[in-house]
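Heads up, structure.tsv below (TSV, C-alpha atoms and all ligand atoms):
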```tsv
chain	number	residue	atom	x	y	z
A	1	MET	CA	-103.10	-10.37	-39.04
A	2	LYS	CA	-103.18	-14.16	-39.05
A	3	LEU	CA	-103.79	-14.15	-42.79
A	4	LEU	CA	-100.74	-11.98	-43.29
A	5	ILE	CA	-98.63	-14.24	-41.11
A	6	ASP	CA	-99.88	-17.25	-43.07
A	7	LYS	CA	-99.01	-15.49	-46.30
A	8	LEU	CA	-95.49	-14.79	-45.04
A	9	PHE	CA	-95.18	-18.39	-43.85
A	10	LYS	CA	-96.16	-19.65	-47.29
A	11	ASN	CA	-94.52	-17.14	-49.64
A	12	HIS	CA	-91.52	-16.04	-47.51
A	13	GLU	CA	-92.22	-12.53	-48.63
A	14	LEU	CA	-94.62	-9.62	-48.16
A	15	ASP	CA	-94.65	-6.11	-49.54
A	16	SER	CA	-93.49	-3.18	-47.47
A	17	ASP	CA	-96.99	-2.06	-46.45
A	18	GLU	CA	-97.78	-5.55	-45.23
A	19	TYR	CA	-94.58	-5.76	-43.18
A	20	LEU	CA	-95.35	-2.38	-41.68
A	21	LYS	CA	-98.86	-3.48	-40.82
A	22	LEU	CA	-97.55	-6.54	-39.01
A	23	LEU	CA	-95.00	-4.47	-37.11
A	24	GLN	CA	-97.53	-1.93	-35.98
A	25	LYS	CA	-100.81	-3.79	-35.61
A	26	MET	CA	-100.11	-7.22	-34.16
A	27	ASN	CA	-101.63	-7.88	-30.75
A	28	HIS	CA	-100.28	-10.31	-28.21
A	29	GLN	CA	-102.08	-13.29	-29.75
A	30	ASP	CA	-100.91	-12.45	-33.25
A	31	VAL	CA	-97.35	-12.31	-32.01
A	32	GLU	CA	-97.72	-15.72	-30.36
A	33	TYR	CA	-99.00	-17.05	-33.67
A	34	LEU	CA	-96.04	-15.49	-35.48
A	35	TYR	CA	-93.64	-17.33	-33.13
A	36	GLN	CA	-95.55	-20.58	-33.63
A	37	GLN	CA	-95.16	-20.27	-37.39
A	38	SER	CA	-91.51	-19.24	-37.21
A	39	CYS	CA	-90.68	-22.20	-34.95
A	40	LYS	CA	-92.56	-24.51	-37.30
A	41	THR	CA	-90.43	-23.18	-40.16
A	42	LYS	CA	-87.26	-23.62	-38.15
A	43	ALA	CA	-88.24	-27.22	-37.28
A	44	MET	CA	-88.79	-28.08	-40.95
A	45	HIS	CA	-85.15	-27.19	-41.67
A	46	TYR	CA	-83.32	-27.86	-38.45
A	47	GLY	CA	-85.49	-30.10	-36.27
A	48	ASP	CA	-84.87	-29.24	-32.64
A	49	THR	CA	-81.13	-28.54	-32.91
A	50	VAL	CA	-79.34	-25.38	-31.88
A	51	PHE	CA	-75.81	-24.87	-33.17
A	52	MET	CA	-72.97	-23.68	-30.96
A	53	ARG	CA	-70.19	-21.36	-32.09
A	54	GLY	CA	-67.16	-20.51	-30.01
A	55	LEU	CA	-66.63	-16.75	-30.01
A	56	VAL	CA	-63.10	-15.38	-29.79
A	57	GLU	CA	-62.96	-11.60	-29.35
A	58	PHE	CA	-59.34	-11.19	-30.33
A	59	THR	CA	-58.89	-7.41	-30.55
A	60	ASN	CA	-60.79	-4.36	-29.40
A	61	TYR	CA	-58.63	-1.90	-31.32
A	62	CYS	CA	-60.77	-0.30	-33.99
A	63	LYS	CA	-60.19	2.43	-36.53
A	64	GLN	CA	-63.89	3.02	-37.12
A	65	ASN	CA	-66.16	5.29	-35.17
A	66	CYS	CA	-69.62	3.72	-35.16
A	67	GLU	CA	-71.62	6.05	-32.90
A	68	TYR	CA	-73.22	3.26	-30.84
A	69	CYS	CA	-70.18	1.09	-30.25
A	70	GLY	CA	-68.13	1.06	-27.06
A	71	ILE	CA	-64.90	0.10	-28.86
A	72	ARG	CA	-65.12	2.94	-31.40
A	73	ALA	CA	-61.78	4.61	-32.07
A	74	GLY	CA	-62.97	7.83	-30.42
A	75	ASN	CA	-63.62	6.18	-27.06
A	76	LYS	CA	-60.41	7.10	-25.27
A	77	LYS	CA	-61.60	5.35	-22.12
A	78	ALA	CA	-61.61	1.91	-23.73
A	79	GLU	CA	-58.73	-0.18	-22.46
A	80	ARG	CA	-57.33	-1.77	-25.60
A	81	TYR	CA	-55.98	-5.30	-26.05
A	82	ARG	CA	-55.09	-7.66	-28.82
A	83	LEU	CA	-54.36	-11.39	-28.76
A	84	SER	CA	-51.38	-12.99	-30.49
A	85	GLN	CA	-51.60	-15.84	-32.95
A	86	ASP	CA	-50.46	-18.26	-30.24
A	87	GLU	CA	-53.09	-17.02	-27.82
A	88	ILE	CA	-55.79	-17.40	-30.46
A	89	ILE	CA	-54.67	-20.95	-31.31
A	90	ASN	CA	-54.60	-21.90	-27.65
A	91	ILE	CA	-58.16	-20.65	-27.20
A	92	CYS	CA	-59.26	-22.73	-30.20
A	93	LYS	CA	-57.46	-25.74	-28.74
A	94	MET	CA	-59.37	-25.33	-25.49
A	95	GLY	CA	-62.61	-24.78	-27.42
A	96	TYR	CA	-61.96	-27.85	-29.55
A	97	SER	CA	-61.56	-30.01	-26.47
A	98	LEU	CA	-64.90	-28.69	-25.21
A	99	GLY	CA	-66.41	-29.88	-28.49
A	100	PHE	CA	-66.66	-26.68	-30.53
A	101	ARG	CA	-66.29	-27.10	-34.29
A	102	THR	CA	-66.88	-23.49	-35.31
A	103	PHE	CA	-64.71	-20.62	-34.16
A	104	VAL	CA	-65.83	-17.07	-34.71
A	105	LEU	CA	-62.91	-14.65	-34.71
A	106	GLN	CA	-64.35	-11.23	-34.02
A	107	GLY	CA	-62.72	-7.90	-33.51
A	108	GLY	CA	-62.62	-4.22	-34.25
A	109	GLU	CA	-61.07	-3.07	-37.51
A	110	ASP	CA	-57.47	-3.40	-36.40
A	111	ASP	CA	-54.92	-2.91	-39.18
A	112	SER	CA	-52.16	-4.40	-37.08
A	113	TYR	CA	-53.59	-7.74	-38.22
A	114	THR	CA	-52.25	-7.41	-41.74
A	115	ASP	CA	-53.44	-9.73	-44.49
A	116	GLU	CA	-50.32	-11.83	-43.93
A	117	LYS	CA	-51.01	-12.15	-40.22
A	118	MET	CA	-54.66	-13.02	-40.68
A	119	VAL	CA	-53.80	-15.58	-43.34
A	120	ALA	CA	-51.27	-17.14	-40.97
A	121	ILE	CA	-53.85	-17.28	-38.16
A	122	ILE	CA	-56.50	-18.83	-40.39
A	123	LYS	CA	-54.08	-21.38	-41.84
A	124	SER	CA	-52.74	-22.39	-38.46
A	125	ILE	CA	-56.24	-22.97	-37.04
A	126	LYS	CA	-57.21	-24.97	-40.13
A	127	ALA	CA	-54.00	-27.00	-39.95
A	128	ALA	CA	-54.55	-27.87	-36.30
A	129	PHE	CA	-58.31	-28.57	-36.54
A	130	ASN	CA	-59.22	-29.47	-40.09
A	131	ASP	CA	-62.77	-30.45	-39.17
A	132	CYS	CA	-63.58	-26.96	-37.90
A	133	ALA	CA	-65.21	-24.01	-39.59
A	134	ILE	CA	-63.74	-20.53	-39.22
A	135	THR	CA	-66.00	-17.51	-39.20
A	136	LEU	CA	-64.44	-14.07	-39.41
A	137	SER	CA	-66.09	-10.89	-38.18
A	138	ILE	CA	-63.57	-8.10	-38.58
A	139	GLY	CA	-65.36	-5.51	-40.63
A	140	GLU	CA	-64.92	-3.91	-44.01
A	141	LYS	CA	-61.97	-4.93	-46.21
A	142	SER	CA	-61.14	-4.87	-49.88
A	143	ARG	CA	-62.31	-7.70	-52.08
A	144	GLU	CA	-58.69	-8.81	-52.47
A	145	THR	CA	-58.30	-9.14	-48.72
A	146	TYR	CA	-61.53	-11.13	-48.38
A	147	GLN	CA	-60.29	-13.40	-51.16
A	148	LYS	CA	-57.02	-13.99	-49.28
A	149	TYR	CA	-58.93	-14.95	-46.13
A	150	PHE	CA	-61.09	-17.32	-48.14
A	151	ASP	CA	-58.14	-18.91	-49.93
A	152	ALA	CA	-56.45	-19.41	-46.56
A	153	GLY	CA	-59.45	-21.47	-45.44
A	154	ALA	CA	-61.95	-19.12	-43.77
A	155	ASP	CA	-65.47	-20.45	-44.30
A	156	ARG	CA	-67.85	-17.75	-43.17
A	157	TYR	CA	-67.96	-14.00	-42.63
A	158	LEU	CA	-70.22	-11.96	-40.38
A	159	LEU	CA	-70.73	-8.35	-41.32
A	160	ARG	CA	-73.98	-6.91	-40.09
A	161	HIS	CA	-75.37	-4.25	-42.37
A	162	GLU	CA	-76.42	-2.57	-39.06
A	163	THR	CA	-79.38	-0.77	-40.66
A	164	ALA	CA	-80.65	-0.79	-44.23
A	165	SER	CA	-81.86	2.78	-43.96
A	166	LYS	CA	-79.17	4.70	-45.78
A	167	GLU	CA	-79.98	7.89	-43.98
A	168	LEU	CA	-79.80	6.32	-40.53
A	169	TYR	CA	-76.66	4.42	-41.54
A	170	GLN	CA	-74.90	7.64	-42.50
A	171	LYS	CA	-75.93	9.30	-39.24
A	172	LEU	CA	-74.52	6.47	-37.16
A	173	HIS	CA	-71.37	5.98	-39.26
A	174	PRO	CA	-70.29	9.48	-40.29
A	175	LYS	CA	-67.08	8.48	-42.08
A	176	MET	CA	-68.28	5.19	-43.51
A	177	SER	CA	-70.60	4.54	-46.41
A	178	PHE	CA	-73.60	2.29	-46.70
A	179	GLU	CA	-72.60	1.52	-50.30
A	180	ASN	CA	-69.27	0.14	-49.14
A	181	ARG	CA	-70.93	-2.00	-46.47
A	182	VAL	CA	-73.22	-3.45	-49.13
A	183	ARG	CA	-70.31	-3.86	-51.55
A	184	CYS	CA	-68.49	-5.90	-48.90
A	185	LEU	CA	-71.49	-8.18	-48.37
A	186	TYR	CA	-71.90	-8.88	-52.09
A	187	ASP	CA	-68.14	-9.42	-52.54
A	188	LEU	CA	-68.16	-11.91	-49.67
A	189	LYS	CA	-71.05	-13.78	-51.25
A	190	GLU	CA	-69.44	-13.88	-54.67
A	191	ILE	CA	-66.17	-15.15	-53.24
A	192	GLY	CA	-68.03	-18.08	-51.71
A	193	PHE	CA	-68.26	-17.35	-48.00
A	194	GLN	CA	-71.32	-18.25	-46.00
A	195	VAL	CA	-72.32	-14.70	-45.25
A	196	GLY	CA	-73.96	-13.16	-42.24
A	197	ALA	CA	-75.67	-9.80	-42.36
A	198	GLY	CA	-77.83	-8.34	-39.62
A	199	PHE	CA	-79.03	-5.27	-37.82
A	200	MET	CA	-79.81	-3.65	-34.51
A	201	VAL	CA	-83.33	-3.03	-33.27
A	202	GLY	CA	-84.18	0.19	-31.45
A	203	LEU	CA	-81.32	2.32	-32.72
A	204	PRO	CA	-81.82	5.97	-31.79
A	205	GLY	CA	-83.89	7.52	-34.57
A	206	GLN	CA	-84.90	4.17	-36.10
A	207	THR	CA	-88.50	3.91	-37.31
A	208	ASP	CA	-90.67	0.90	-38.15
A	209	ASN	CA	-90.20	1.88	-41.76
A	210	ASP	CA	-86.45	1.49	-41.32
A	211	LEU	CA	-86.99	-2.02	-39.95
A	212	VAL	CA	-89.10	-2.82	-43.01
A	213	GLN	CA	-86.09	-1.73	-45.08
A	214	ASP	CA	-83.99	-4.28	-43.18
A	215	LEU	CA	-86.42	-7.06	-44.13
A	216	LEU	CA	-86.47	-6.05	-47.79
A	217	PHE	CA	-82.69	-5.76	-47.85
A	218	LEU	CA	-82.24	-9.24	-46.38
A	219	LYS	CA	-84.66	-10.77	-48.87
A	220	GLN	CA	-82.60	-9.32	-51.66
A	221	LEU	CA	-79.17	-10.22	-50.27
A	222	GLN	CA	-80.17	-13.76	-49.21
A	223	PRO	CA	-77.48	-14.16	-46.56
A	224	GLN	CA	-76.89	-17.53	-44.91
A	225	MET	CA	-76.84	-15.97	-41.41
A	226	VAL	CA	-78.54	-12.98	-39.85
A	227	GLY	CA	-77.54	-11.48	-36.51
A	228	ILE	CA	-80.30	-9.44	-34.89
A	229	GLY	CA	-79.94	-7.77	-31.52
A	230	PRO	CA	-81.26	-4.80	-29.60
A	231	PHE	CA	-79.27	-1.59	-29.54
A	232	ILE	CA	-77.90	-1.08	-26.02
A	233	PRO	CA	-76.33	2.23	-25.02
A	234	HIS	CA	-72.68	2.40	-24.00
A	235	VAL	CA	-71.94	5.00	-21.38
A	236	ASP	CA	-68.76	6.28	-23.05
A	237	THR	CA	-70.42	7.07	-26.38
A	238	ALA	CA	-72.57	10.01	-27.46
A	239	LEU	CA	-75.57	7.65	-27.49
A	240	GLY	CA	-74.93	6.65	-23.88
A	241	MET	CA	-78.13	8.25	-22.59
A	242	GLU	CA	-80.42	6.84	-25.27
A	243	LYS	CA	-82.98	4.11	-24.65
A	244	ALA	CA	-82.14	0.49	-25.49
A	245	GLY	CA	-84.13	-1.51	-28.04
A	246	THR	CA	-86.83	-3.76	-26.62
A	247	VAL	CA	-86.92	-7.52	-26.30
A	248	ASP	CA	-90.35	-7.71	-27.88
A	249	LYS	CA	-89.45	-5.84	-31.03
A	250	THR	CA	-86.21	-7.81	-31.39
A	251	LEU	CA	-88.07	-11.11	-31.10
A	252	ILE	CA	-90.63	-10.06	-33.70
A	253	MET	CA	-87.81	-9.19	-36.10
A	254	ILE	CA	-86.13	-12.57	-35.53
A	255	ALA	CA	-89.42	-14.36	-36.20
A	256	MET	CA	-90.09	-12.39	-39.36
A	257	VAL	CA	-86.59	-13.02	-40.68
A	258	ARG	CA	-87.07	-16.75	-40.00
A	259	LEU	CA	-90.17	-16.69	-42.21
A	260	ILE	CA	-88.43	-14.65	-44.92
A	261	LEU	CA	-85.25	-16.79	-44.97
A	262	PRO	CA	-86.52	-20.18	-43.74
A	263	ASP	CA	-83.18	-21.97	-43.58
A	264	ALA	CA	-81.04	-19.09	-42.34
A	265	LEU	CA	-78.77	-19.51	-39.33
A	266	LEU	CA	-80.07	-17.03	-36.78
A	267	PRO	CA	-78.19	-16.46	-33.53
A	268	SER	CA	-79.95	-15.72	-30.30
A	269	THR	CA	-77.57	-12.92	-29.43
A	270	THR	CA	-75.64	-11.91	-26.35
A	271	ALA	CA	-77.27	-8.46	-26.58
A	272	LEU	CA	-80.68	-10.13	-26.27
A	273	GLY	CA	-79.44	-11.99	-23.20
A	274	THR	CA	-78.16	-8.70	-21.81
A	275	ILE	CA	-81.45	-6.78	-21.84
A	276	ASP	CA	-83.45	-9.75	-20.51
A	277	PRO	CA	-82.17	-12.60	-18.30
A	278	LYS	CA	-84.20	-15.04	-20.41
A	279	GLY	CA	-83.52	-13.18	-23.67
A	280	ARG	CA	-81.60	-15.97	-25.37
A	281	GLU	CA	-84.26	-18.57	-24.53
A	282	LYS	CA	-86.89	-16.20	-25.90
A	283	GLY	CA	-84.82	-15.74	-29.05
A	284	LEU	CA	-84.81	-19.51	-29.63
A	285	LEU	CA	-88.57	-19.60	-29.12
A	286	ALA	CA	-88.98	-16.81	-31.68
A	287	GLY	CA	-87.06	-18.75	-34.34
A	288	ALA	CA	-83.32	-18.43	-33.66
A	289	ASN	CA	-81.17	-21.58	-33.92
A	290	VAL	CA	-77.60	-20.58	-33.05
A	291	VAL	CA	-75.86	-19.46	-29.87
A	292	MET	CA	-72.32	-18.19	-29.53
A	293	PRO	CA	-70.75	-18.90	-26.15
A	294	ASN	CA	-67.76	-16.71	-25.39
A	295	LEU	CA	-64.33	-18.40	-25.45
A	296	SER	CA	-62.30	-15.22	-24.95
A	297	PRO	CA	-59.93	-15.26	-21.97
A	298	THR	CA	-61.74	-13.88	-18.92
A	299	GLU	CA	-59.02	-11.20	-18.47
A	300	VAL	CA	-60.03	-9.46	-21.69
A	301	ARG	CA	-63.76	-10.05	-21.76
A	302	SER	CA	-64.87	-6.92	-19.97
A	303	LYS	CA	-62.65	-4.90	-22.30
A	304	TYR	CA	-64.59	-6.09	-25.34
A	305	SER	CA	-67.30	-3.74	-24.24
A	306	LEU	CA	-69.57	-2.99	-27.17
A	307	TYR	CA	-72.43	-1.87	-24.88
A	308	ASP	CA	-73.17	-1.57	-21.17
A	309	GLY	CA	-73.93	-4.59	-19.02
A	310	LYS	CA	-72.70	-7.20	-21.52
A	311	ILE	CA	-73.26	-10.59	-19.93
A	312	CYS	CA	-70.88	-13.55	-19.55
A	313	THR	CA	-67.81	-11.44	-18.81
A	314	SER	CA	-66.67	-13.44	-15.79
A	315	ASP	CA	-67.45	-17.13	-16.40
A	316	ASP	CA	-64.83	-19.20	-18.16
A	317	ALA	CA	-65.63	-21.10	-21.36
A	318	THR	CA	-66.53	-24.37	-19.63
A	319	LYS	CA	-69.08	-22.61	-17.45
A	320	CYS	CA	-70.47	-20.62	-20.37
A	321	LEU	CA	-70.95	-23.78	-22.40
A	322	LYS	CA	-72.73	-25.53	-19.55
A	323	CYS	CA	-74.94	-22.54	-18.78
A	324	ILE	CA	-75.95	-22.08	-22.40
A	325	GLY	CA	-76.49	-25.83	-22.85
A	326	GLN	CA	-78.94	-25.80	-19.95
A	327	ARG	CA	-80.74	-22.77	-21.32
A	328	ILE	CA	-81.16	-24.48	-24.71
A	329	LYS	CA	-82.56	-27.63	-23.12
A	330	SER	CA	-84.85	-25.64	-20.82
A	331	VAL	CA	-86.84	-24.49	-23.86
A	332	GLY	CA	-86.99	-27.95	-25.44
A	333	TYR	CA	-84.12	-27.81	-27.91
A	334	SER	CA	-80.97	-29.89	-28.17
A	335	VAL	CA	-77.36	-28.80	-28.47
A	336	ASP	CA	-75.52	-29.50	-31.71
A	337	MET	CA	-71.77	-28.97	-31.51
A	338	SER	CA	-71.04	-29.86	-35.15
A	339	ARG	CA	-69.82	-27.31	-37.71
A	340	GLY	CA	-73.43	-26.46	-38.47
A	341	ASP	CA	-72.98	-25.25	-42.02
A	342	HIS	CA	-75.82	-23.66	-43.93
A	343	ALA	CA	-77.90	-26.20	-45.91
A	344	GLU	CA	-76.39	-25.18	-49.26
A	345	TRP	CA	-72.95	-26.12	-47.94
A	346	ARG	CA	-74.05	-29.53	-46.70
A	347	LYS	CA	-75.26	-30.82	-50.06
B	1	LIG	N1	-65.89	-4.79	-36.45
B	1	LIG	C1	-66.76	-5.89	-36.75
B	1	LIG	C2	-67.44	-6.44	-35.52
B	1	LIG	C3	-68.33	-5.44	-34.86
B	1	LIG	S1	-68.92	-5.83	-33.25
B	1	LIG	C4	-67.75	-5.47	-37.83
B	1	LIG	O1	-67.69	-4.34	-38.28
B	1	LIG	O2	-68.54	-6.29	-38.23
B	1	LIG	C5	-70.27	-6.86	-33.64
B	1	LIG	C6	-71.65	-6.23	-33.64
B	1	LIG	O3	-71.97	-5.69	-32.38
B	1	LIG	C7	-71.83	-5.04	-34.57
B	1	LIG	O4	-72.01	-5.47	-35.88
B	1	LIG	C8	-73.04	-4.35	-33.98
B	1	LIG	O5	-74.23	-4.70	-34.65
B	1	LIG	C9	-73.06	-4.84	-32.54
B	1	LIG	N2	-72.98	-3.70	-31.59
B	1	LIG	C10	-72.00	-2.79	-31.49
B	1	LIG	N3	-72.33	-1.84	-30.59
B	1	LIG	C11	-73.55	-2.19	-30.10
B	1	LIG	C12	-74.43	-1.61	-29.14
B	1	LIG	N4	-74.14	-0.48	-28.51
B	1	LIG	N5	-75.60	-2.26	-28.88
B	1	LIG	C13	-75.90	-3.41	-29.50
B	1	LIG	N6	-75.12	-3.99	-30.43
B	1	LIG	C14	-73.96	-3.39	-30.72
```

Any chance you could put this one into structure tokens?
Amino acid sequence: MKLLIDKLFKNHELDSDEYLKLLQKMNHQDVEYLYQQSCKTKAMHYGDTVFMRGLVEFTNYCKQNCEYCGIRAGNKKAERYRLSQDEIINICKMGYSLGFRTFVLQGGEDDSYTDEKMVAIIKSIKAAFNDCAITLSIGEKSRETYQKYFDAGADRYLLRHETASKELYQKLHPKMSFENRVRCLYDLKEIGFQVGAGFMVGLPGQTDNDLVQDLLFLKQLQPQMVGIGPFIPHVDTALGMEKAGTVDKTLIMIAMVRLILPDALLPSTTALGTIDPKGREKGLLAGANVVMPNLSPTEVRSKYSLYDGKICTSDDATKCLKCIGQRIKSVGYSVDMSRGDHAEWRK
């Protein structure tokens, strides 16, 4: 196993049988070695810094029906909200004064934010804080729409591929298509965004082979960011009684992605912190180098309920920042509040 890990460390690539072998045959010591190598790789590119992003969950209206997601259109129990342009700007203002220089605007696929509205929001944030990066995470759009966001000043776009197994993707997204998801990711790259893909670990029906597909897919796409988190059931969805993904498997996937894409920006996700009180610290120790404290107003936080038990729904932004800062330092890393662009954008 160590030889395989060394090979991955050196070549940033294995074949599918080798990935599968690692996933299925590593013992505790092998896994520790994997983390050692992934942290070494991270240090070569980022030293001991962890980047902070301010997350603004600005709408939980969604026209899609992803089977796992608590804000899916079909969940009639979800209490819906959306924030106005002024509210969003005020949150960024507060975040800016706390030191944030990246704002991640995330939401369901909510057509009430027309292209014109989104462009106005992006432009107004950029006009007020020209040293900030804007990351959007609002799902699948046409290439023209992505281009408008980019021209208005958006810098990055997060769109997890969710799973690279086409069959599993179709099961979990009955009215969506894997091809369109992939089309979106390649359009975003071509337009010039720093692009984030990513997937869930432990999805109902997901096999180790499916996870290998995720690794191969990421190698091919070469995204700048990769969000990896455990699946967590949401009580008001059909998958509400399913088992959640495990911390251990999620950490192994983070470490392997770090070795495959050495300079990628990898968040230690809220979902990881939800299934384990020390999940985010463990994510950093497995190779992650980004955290995304929540800046959303406390009144709406519990409504942005993607899965059960989501953490950080009551503390305000100042508290969240402090708490996360302490967690980062507790595992020997230091907080970096700068824009934290991907290396290719810092040249
Ligand atoms: N509408 C946007 C944002 C989706 S929410 C988009 O399509 O990209 C952000 C991420 O939360 C999703 O990409 C998904 O990977 C994750 N998520 C949703 N439901 C989840 C669940 N039940 N457990 C864990 N992660 C979940």

* To do: Kindly work out which residues sit at most 8 Å from ligand LIG 1 (chain B), using only C-alpha atoms and all ligand atoms, and give the list as a PyMOL selection string.
  => chain A and resi 62+66+68-71+106-109+137-140+158-162+198-200+227-234+244+271+306-308

* Work out how far apart atom CA of A:Val104 and atom CA of A:Arg53 are and give it in Å to one decimal. => 6.7 Å

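Residues surrounding A:Val195 within 6 Å are Arg156, Tyr157, Leu158, Pro223 and Gln224 of chain A [all atoms listed in the file; sequence separation below 4 positions excluded].
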
Can I get the selection written as an mmCIF file, keeping the file's coordinate frame, with C-alpha atoms?
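File produced: part38.cif:
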```
data_model
loop_
_atom_site.group_PDB
_atom_site.id
_atom_site.type_symbol
_atom_site.label_atom_id
_atom_site.label_comp_id
_atom_site.auth_asym_id
_atom_site.auth_seq_id
_atom_site.Cartn_x
_atom_site.Cartn_y
_atom_site.Cartn_z
ATOM 1 C CA ARG A 156 -67.850 -17.750 -43.170
ATOM 2 C CA TYR A 157 -67.960 -14.000 -42.630
ATOM 3 C CA LEU A 158 -70.220 -11.960 -40.380
ATOM 4 C CA PRO A 223 -77.480 -14.160 -46.560
ATOM 5 C CA GLN A 224 -76.890 -17.530 -44.910
#
```

* To do: Check the smallest atom-to-atom distance from each of A:Met1, A:Ser330, A:Ser296, A:Lys171 to A:Glu87 using all atoms listed in the file, then report the winner.
  => A:Ser296

* Spatial neighbours of A:Leu261, max dist 8 Å, only C-alpha atoms, sep filter under 5 positions, as a ChimeraX atom specification -> /A:12,219,222

Quick one: write out the picked residues with C-alpha atoms as a PDB file, in the coordinates of the input?
```pdb
ATOM      1  CA  HIS A  12     -91.520 -16.040 -47.510  1.00  0.00           C
ATOM      2  CA  LYS A 219     -84.660 -10.770 -48.870  1.00  0.00           C
ATOM      3  CA  GLN A 222     -80.170 -13.760 -49.210  1.00  0.00           C
TER       4      GLN A 222
END
```

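The shortest atom-to-atom distance to A:Asp210, with only C-alpha atoms taken into account, belongs to A:Ser165 out of A:Leu239, A:Ser165, A:Pro174, A:Val290.
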
* Asked: Which distance in Å separates atom CA of A:Glu67 and atom CA of A:His173, to one decimal?
  -> 6.4 Å

* Please provide the set of residues having any atom within 8 Å of A:Met337, restricted to all atoms listed in the file, with same-chain residues fewer than 2 positions apart removed, written as a ChimeraX atom specification. => /A:51-53,99-101,335,339-340

Using only C-alpha atoms, please write the residues we just selected to a file, as a PDB file, keeping the file's coordinate frame.
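result08.pdb was written with the following content:
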```pdb
ATOM      1  CA  PHE A  51     -75.810 -24.870 -33.170  1.00  0.00           C
ATOM      2  CA  MET A  52     -72.970 -23.680 -30.960  1.00  0.00           C
ATOM      3  CA  ARG A  53     -70.190 -21.360 -32.090  1.00  0.00           C
ATOM      4  CA  GLY A  99     -66.410 -29.880 -28.490  1.00  0.00           C
ATOM      5  CA  PHE A 100     -66.660 -26.680 -30.530  1.00  0.00           C
ATOM      6  CA  ARG A 101     -66.290 -27.100 -34.290  1.00  0.00           C
ATOM      7  CA  VAL A 335     -77.360 -28.800 -28.470  1.00  0.00           C
ATOM      8  CA  ARG A 339     -69.820 -27.310 -37.710  1.00  0.00           C
ATOM      9  CA  GLY A 340     -73.430 -26.460 -38.470  1.00  0.00           C
TER      10      GLY A 340
END
```

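In this model, the gap between atom CA of A:Leu295 and atom CA of A:Phe103 comes to 9.0 Å.
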
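Compared by their closest atoms to A:Phe58, and using all atoms listed in the file, the residues A:Asn130, A:Thr41, A:Thr298, A:Ser142 rank with A:Thr298 nearest.
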
Write out as an mmCIF file with C-alpha atoms, in the coordinates of the input which residues come within 10 Å of A:Thr49 when counting only C-alpha atoms, dropping same-chain ones fewer than 4 positions away.
```cif
data_model
loop_
_atom_site.group_PDB
_atom_site.id
_atom_site.type_symbol
_atom_site.label_atom_id
_atom_site.label_comp_id
_atom_site.auth_asym_id
_atom_site.auth_seq_id
_atom_site.Cartn_x
_atom_site.Cartn_y
_atom_site.Cartn_z
ATOM 1 C CA LYS A 42 -87.260 -23.620 -38.150
ATOM 2 C CA ALA A 43 -88.240 -27.220 -37.280
ATOM 3 C CA HIS A 45 -85.150 -27.190 -41.670
ATOM 4 C CA ASN A 289 -81.170 -21.580 -33.920
ATOM 5 C CA VAL A 290 -77.600 -20.580 -33.050
ATOM 6 C CA ILE A 328 -81.160 -24.480 -24.710
ATOM 7 C CA LYS A 329 -82.560 -27.630 -23.120
ATOM 8 C CA GLY A 332 -86.990 -27.950 -25.440
ATOM 9 C CA TYR A 333 -84.120 -27.810 -27.910
ATOM 10 C CA SER A 334 -80.970 -29.890 -28.170
ATOM 11 C CA VAL A 335 -77.360 -28.800 -28.470
ATOM 12 C CA ASP A 336 -75.520 -29.500 -31.710
ATOM 13 C CA MET A 337 -71.770 -28.970 -31.510
ATOM 14 C CA GLY A 340 -73.430 -26.460 -38.470
#
```

* List the neighbours of A:Ala317 out to 8 Å using only C-alpha atoms; skip same-chain residues closer than 3 positions along the sequence, and give me the result as JSON, numbers by chain. => {"A": [95, 293, 294, 295, 296, 320, 321]}

* Between A:Lys77, A:Asp111, A:Phe150, A:Ala255, single out the one closest to A:Leu23, counting all atoms listed in the file. =>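 So, comparing all the options, the nearest one is A:Ala255.
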